[in-house]
$ cat coords_21.cif   # mmCIF, N, CA and C atoms
data_input
#
loop_
_atom_site.label_atom_id
_atom_site.label_comp_id
_atom_site.auth_asym_id
_atom_site.auth_seq_id
_atom_site.Cartn_x
_atom_site.Cartn_y
_atom_site.Cartn_z
N MET A 56 104.20 54.22 69.87
CA MET A 56 103.71 55.53 69.52
C MET A 56 103.42 56.30 70.82
N ALA A 57 103.92 57.57 70.90
CA ALA A 57 103.74 58.39 72.10
C ALA A 57 102.33 58.95 72.12
N PRO A 58 101.76 59.09 73.33
CA PRO A 58 100.41 59.65 73.42
C PRO A 58 100.41 61.12 73.01
N ALA A 59 99.35 61.52 72.37
CA ALA A 59 99.23 62.91 71.92
C ALA A 59 98.88 63.79 73.11
N THR A 60 99.43 65.02 73.11
CA THR A 60 99.10 65.98 74.18
C THR A 60 98.08 66.96 73.62
N PRO A 61 97.07 67.28 74.43
CA PRO A 61 96.07 68.24 73.96
C PRO A 61 96.71 69.61 73.72
N SER A 62 96.17 70.33 72.73
CA SER A 62 96.72 71.65 72.45
C SER A 62 96.44 72.57 73.63
N GLY A 63 97.39 73.44 73.95
CA GLY A 63 97.23 74.40 75.03
C GLY A 63 97.55 73.81 76.40
N SER A 64 97.92 72.56 76.50
CA SER A 64 98.24 71.99 77.81
C SER A 64 99.65 72.40 78.22
N LEU A 65 99.88 72.38 79.51
CA LEU A 65 101.19 72.74 80.03
C LEU A 65 102.14 71.57 79.92
N LYS A 66 103.33 71.87 79.57
CA LYS A 66 104.35 70.83 79.50
C LYS A 66 105.08 70.81 80.84
N VAL A 67 105.11 69.67 81.47
CA VAL A 67 105.75 69.53 82.77
C VAL A 67 107.13 68.96 82.56
N THR A 68 108.12 69.63 83.13
CA THR A 68 109.49 69.12 83.06
C THR A 68 109.96 68.83 84.47
N LEU A 69 110.75 67.84 84.60
CA LEU A 69 111.28 67.46 85.90
C LEU A 69 112.56 68.24 86.18
N MET A 70 112.75 68.62 87.44
CA MET A 70 113.96 69.32 87.84
C MET A 70 115.02 68.31 88.25
N ASP A 71 116.24 68.69 88.00
CA ASP A 71 117.30 67.83 88.53
C ASP A 71 117.53 68.22 89.99
N ASP A 72 118.33 67.44 90.69
CA ASP A 72 118.55 67.66 92.12
C ASP A 72 119.15 69.03 92.42
N THR A 73 120.02 69.52 91.56
CA THR A 73 120.66 70.82 91.77
C THR A 73 119.64 71.94 91.75
N GLU A 74 118.74 71.92 90.75
CA GLU A 74 117.69 72.95 90.67
C GLU A 74 116.78 72.89 91.88
N PHE A 75 116.45 71.67 92.31
CA PHE A 75 115.58 71.50 93.48
C PHE A 75 116.23 72.08 94.73
N VAL A 76 117.48 71.82 94.93
CA VAL A 76 118.20 72.34 96.09
C VAL A 76 118.28 73.87 96.02
N GLN A 77 118.54 74.41 94.84
CA GLN A 77 118.59 75.87 94.68
C GLN A 77 117.25 76.50 95.00
N MET A 78 116.17 75.91 94.50
CA MET A 78 114.84 76.46 94.77
C MET A 78 114.50 76.37 96.25
N LYS A 79 114.83 75.25 96.87
CA LYS A 79 114.57 75.08 98.29
C LYS A 79 115.36 76.11 99.10
N THR A 80 116.60 76.34 98.72
CA THR A 80 117.43 77.35 99.39
C THR A 80 116.83 78.73 99.24
N GLN A 81 116.37 79.03 98.02
CA GLN A 81 115.76 80.34 97.78
C GLN A 81 114.47 80.50 98.58
N ILE A 82 113.66 79.46 98.66
CA ILE A 82 112.42 79.50 99.44
C ILE A 82 112.73 79.75 100.90
N ASN A 83 113.73 79.07 101.43
CA ASN A 83 114.11 79.27 102.83
C ASN A 83 114.61 80.69 103.08
N ARG A 84 115.38 81.22 102.12
CA ARG A 84 115.87 82.59 102.23
C ARG A 84 114.69 83.58 102.22
N LEU A 85 113.72 83.34 101.35
CA LEU A 85 112.54 84.22 101.28
C LEU A 85 111.71 84.14 102.56
N ARG A 86 111.60 82.95 103.12
CA ARG A 86 110.87 82.80 104.39
C ARG A 86 111.57 83.58 105.50
N GLU A 87 112.88 83.48 105.55
CA GLU A 87 113.65 84.20 106.57
C GLU A 87 113.50 85.71 106.39
N GLU A 88 113.58 86.15 105.13
CA GLU A 88 113.40 87.58 104.84
C GLU A 88 112.00 88.05 105.23
N SER A 89 111.02 87.24 104.93
CA SER A 89 109.64 87.57 105.30
C SER A 89 109.48 87.67 106.82
N LYS A 90 110.11 86.74 107.52
CA LYS A 90 110.07 86.75 108.99
C LYS A 90 110.72 88.03 109.52
N ASN A 91 111.88 88.40 108.97
CA ASN A 91 112.57 89.61 109.40
C ASN A 91 111.73 90.86 109.12
N GLN A 92 111.08 90.90 107.96
CA GLN A 92 110.24 92.04 107.62
C GLN A 92 109.04 92.13 108.56
N LYS A 93 108.46 90.99 108.91
CA LYS A 93 107.32 90.98 109.85
C LYS A 93 107.75 91.49 111.21
N GLU A 94 108.94 91.07 111.67
CA GLU A 94 109.44 91.54 112.95
C GLU A 94 109.68 93.05 112.92
N ALA A 95 110.26 93.55 111.83
CA ALA A 95 110.50 94.99 111.68
C ALA A 95 109.18 95.74 111.65
N TYR A 96 108.19 95.20 110.93
CA TYR A 96 106.87 95.82 110.86
C TYR A 96 106.23 95.89 112.25
N ASP A 97 106.28 94.77 112.98
CA ASP A 97 105.70 94.74 114.32
C ASP A 97 106.37 95.76 115.24
N GLU A 98 107.70 95.87 115.12
CA GLU A 98 108.43 96.84 115.95
C GLU A 98 108.02 98.27 115.60
N LEU A 99 107.92 98.56 114.30
CA LEU A 99 107.50 99.91 113.88
C LEU A 99 106.07 100.22 114.33
N MET A 100 105.19 99.24 114.23
CA MET A 100 103.81 99.46 114.66
C MET A 100 103.74 99.72 116.16
N ALA A 101 104.57 99.03 116.94
CA ALA A 101 104.61 99.28 118.38
C ALA A 101 105.07 100.71 118.66
N GLN A 102 106.06 101.18 117.89
CA GLN A 102 106.53 102.55 118.05
C GLN A 102 105.44 103.55 117.68
N VAL A 103 104.72 103.27 116.59
CA VAL A 103 103.64 104.16 116.17
C VAL A 103 102.55 104.22 117.24
N ARG A 104 102.17 103.05 117.77
CA ARG A 104 101.16 103.03 118.84
C ARG A 104 101.61 103.84 120.05
N ALA A 105 102.87 103.68 120.43
CA ALA A 105 103.39 104.42 121.57
C ALA A 105 103.35 105.93 121.31
N LEU A 106 103.74 106.34 120.10
CA LEU A 106 103.70 107.76 119.76
C LEU A 106 102.28 108.30 119.75
N LEU A 107 101.34 107.49 119.23
CA LEU A 107 99.95 107.94 119.20
C LEU A 107 99.40 108.08 120.61
N GLU A 108 99.74 107.15 121.49
CA GLU A 108 99.28 107.25 122.87
C GLU A 108 99.88 108.48 123.54
N GLU A 109 101.18 108.68 123.32
CA GLU A 109 101.85 109.84 123.90
C GLU A 109 101.25 111.14 123.37
N LYS A 110 101.06 111.19 122.06
CA LYS A 110 100.49 112.38 121.43
C LYS A 110 99.05 112.58 121.86
N GLY A 111 98.32 111.47 121.99
CA GLY A 111 96.92 111.53 122.40
C GLY A 111 96.76 112.13 123.77
N GLU A 112 97.63 111.72 124.72
CA GLU A 112 97.55 112.27 126.07
C GLU A 112 97.87 113.75 126.05
N GLY A 113 98.88 114.13 125.32
CA GLY A 113 99.23 115.54 125.21
C GLY A 113 98.16 116.33 124.48
N ALA A 114 97.57 115.71 123.48
CA ALA A 114 96.52 116.38 122.71
C ALA A 114 95.31 116.63 123.59
N ASP A 115 94.97 115.66 124.45
CA ASP A 115 93.84 115.84 125.35
C ASP A 115 94.06 117.03 126.28
N GLU A 116 95.26 117.11 126.82
CA GLU A 116 95.58 118.22 127.73
C GLU A 116 95.56 119.55 126.99
N THR A 117 96.12 119.58 125.79
CA THR A 117 96.12 120.81 124.98
C THR A 117 94.70 121.23 124.65
N LEU A 118 93.86 120.27 124.28
CA LEU A 118 92.47 120.57 123.96
C LEU A 118 91.73 121.12 125.18
N LYS A 119 91.95 120.53 126.33
CA LYS A 119 91.31 121.02 127.56
C LYS A 119 91.73 122.46 127.85
N GLN A 120 93.00 122.76 127.67
CA GLN A 120 93.48 124.12 127.90
C GLN A 120 92.85 125.10 126.92
N GLN A 121 92.72 124.71 125.66
CA GLN A 121 92.12 125.59 124.67
C GLN A 121 90.65 125.84 124.98
N VAL A 122 89.93 124.79 125.37
CA VAL A 122 88.51 124.95 125.72
C VAL A 122 88.37 125.88 126.91
N THR A 123 89.22 125.73 127.91
CA THR A 123 89.17 126.59 129.09
C THR A 123 89.41 128.04 128.72
N ARG A 124 90.40 128.30 127.84
CA ARG A 124 90.66 129.68 127.40
C ARG A 124 89.46 130.27 126.67
N ILE A 125 88.86 129.49 125.79
CA ILE A 125 87.71 129.98 125.02
C ILE A 125 86.54 130.26 125.95
N GLU A 126 86.28 129.34 126.88
CA GLU A 126 85.18 129.56 127.84
C GLU A 126 85.42 130.82 128.67
N THR A 127 86.66 131.04 129.09
CA THR A 127 87.00 132.23 129.88
C THR A 127 86.75 133.49 129.06
N ARG A 128 87.18 133.51 127.81
CA ARG A 128 86.95 134.68 126.96
C ARG A 128 85.47 134.95 126.76
N LEU A 129 84.69 133.87 126.55
CA LEU A 129 83.26 134.06 126.33
C LEU A 129 82.56 134.56 127.58
N ARG A 130 82.98 134.10 128.75
CA ARG A 130 82.36 134.56 129.99
C ARG A 130 82.70 136.02 130.28
N ASN A 131 83.87 136.45 129.87
CA ASN A 131 84.33 137.80 130.19
C ASN A 131 83.82 138.87 129.23
N ARG A 132 83.23 138.51 128.14
CA ARG A 132 82.69 139.54 127.25
C ARG A 132 81.22 139.25 126.99
N PRO A 133 80.43 140.32 126.99
CA PRO A 133 78.99 140.12 126.80
C PRO A 133 78.67 139.66 125.38
N LEU A 134 77.61 138.91 125.28
CA LEU A 134 77.16 138.41 123.99
C LEU A 134 76.42 139.52 123.26
N LYS A 135 76.82 139.82 122.04
CA LYS A 135 76.17 140.88 121.27
C LYS A 135 75.32 140.23 120.19
N LEU A 136 74.07 140.60 120.18
CA LEU A 136 73.16 140.10 119.16
C LEU A 136 72.80 141.22 118.20
N VAL A 137 72.64 140.90 116.97
CA VAL A 137 72.25 141.88 115.95
C VAL A 137 70.74 142.06 116.06
N GLU A 138 70.33 143.35 116.00
CA GLU A 138 68.90 143.64 116.04
C GLU A 138 68.24 143.07 114.79
N PRO A 139 67.12 142.36 114.95
CA PRO A 139 66.43 141.85 113.75
C PRO A 139 65.80 142.98 112.96
N LYS A 140 65.61 142.77 111.66
CA LYS A 140 64.93 143.77 110.84
C LYS A 140 63.49 143.84 111.28
N LYS A 141 62.94 145.06 111.23
CA LYS A 141 61.55 145.24 111.63
C LYS A 141 60.64 144.65 110.55
N PHE A 142 59.60 143.98 111.00
CA PHE A 142 58.63 143.39 110.08
C PHE A 142 57.70 144.48 109.58
N ASN A 143 57.57 144.60 108.25
CA ASN A 143 56.74 145.66 107.70
C ASN A 143 55.40 145.13 107.18
N GLY A 144 55.10 143.87 107.43
CA GLY A 144 53.81 143.32 107.02
C GLY A 144 53.81 142.63 105.68
N THR A 145 54.88 142.69 104.92
CA THR A 145 54.89 142.01 103.62
C THR A 145 55.63 140.72 103.68
#
$ encode --input "coords_21.cif" --output "structure tokens"
Amino acid sequence: MAPATPSGSLKVTLMDDTEFVQMKTQINRLREESKNQKEAYDELMAQVRALLEEKGEGADETLKQQVTRIETRLRNRPLKLVEPKKFNGT
């Protein structure tokens, strides 16, 4: 008499050698693809970092020039203040 299996348990089936070889081949292919994607990702991230550094240096210079222009304009024109309303005691 065969032993009873509990309800809801998983049934395990054995693979033949052909299925095992196919799965192993597929796993190796996925590992290789994953490796290639990681290399591509690393290369793209290096390019992004380089662009950010390049843009950052240019951005710093552009910002300095803009601040200098604003400071020059402010120095060359007098500051105008609005007269406050007179206090009437209330």
$ atom_distance --input "coords_21.cif" --atom1 "atom CA of Leu118 of chain A" --atom2 "atom C of Leu106 of chain A"
16.3 Å
$ atom_distance --input "coords_21.cif" --atom1 "atom CA of Val122 of chain A" --atom2 "atom CA of Lys110 of chain A"
17.9 Å
$ axis_aligned_box --input "coords_21.cif" --around "segment 135-142 of chain A" --padding-each-side "5 Å" --output "lines of an AutoDock Vina configuration file"
center_x = 67.3
center_y = 142.5
center_z = 115.8
size_x = 29.1
size_y = 15.4
size_z = 22.5
$ atom_distance --input "coords_21.cif" --atom1 "atom CA of Asp115 of chain A" --atom2 "atom CA of Glu98 of chain A"
25.7 Å
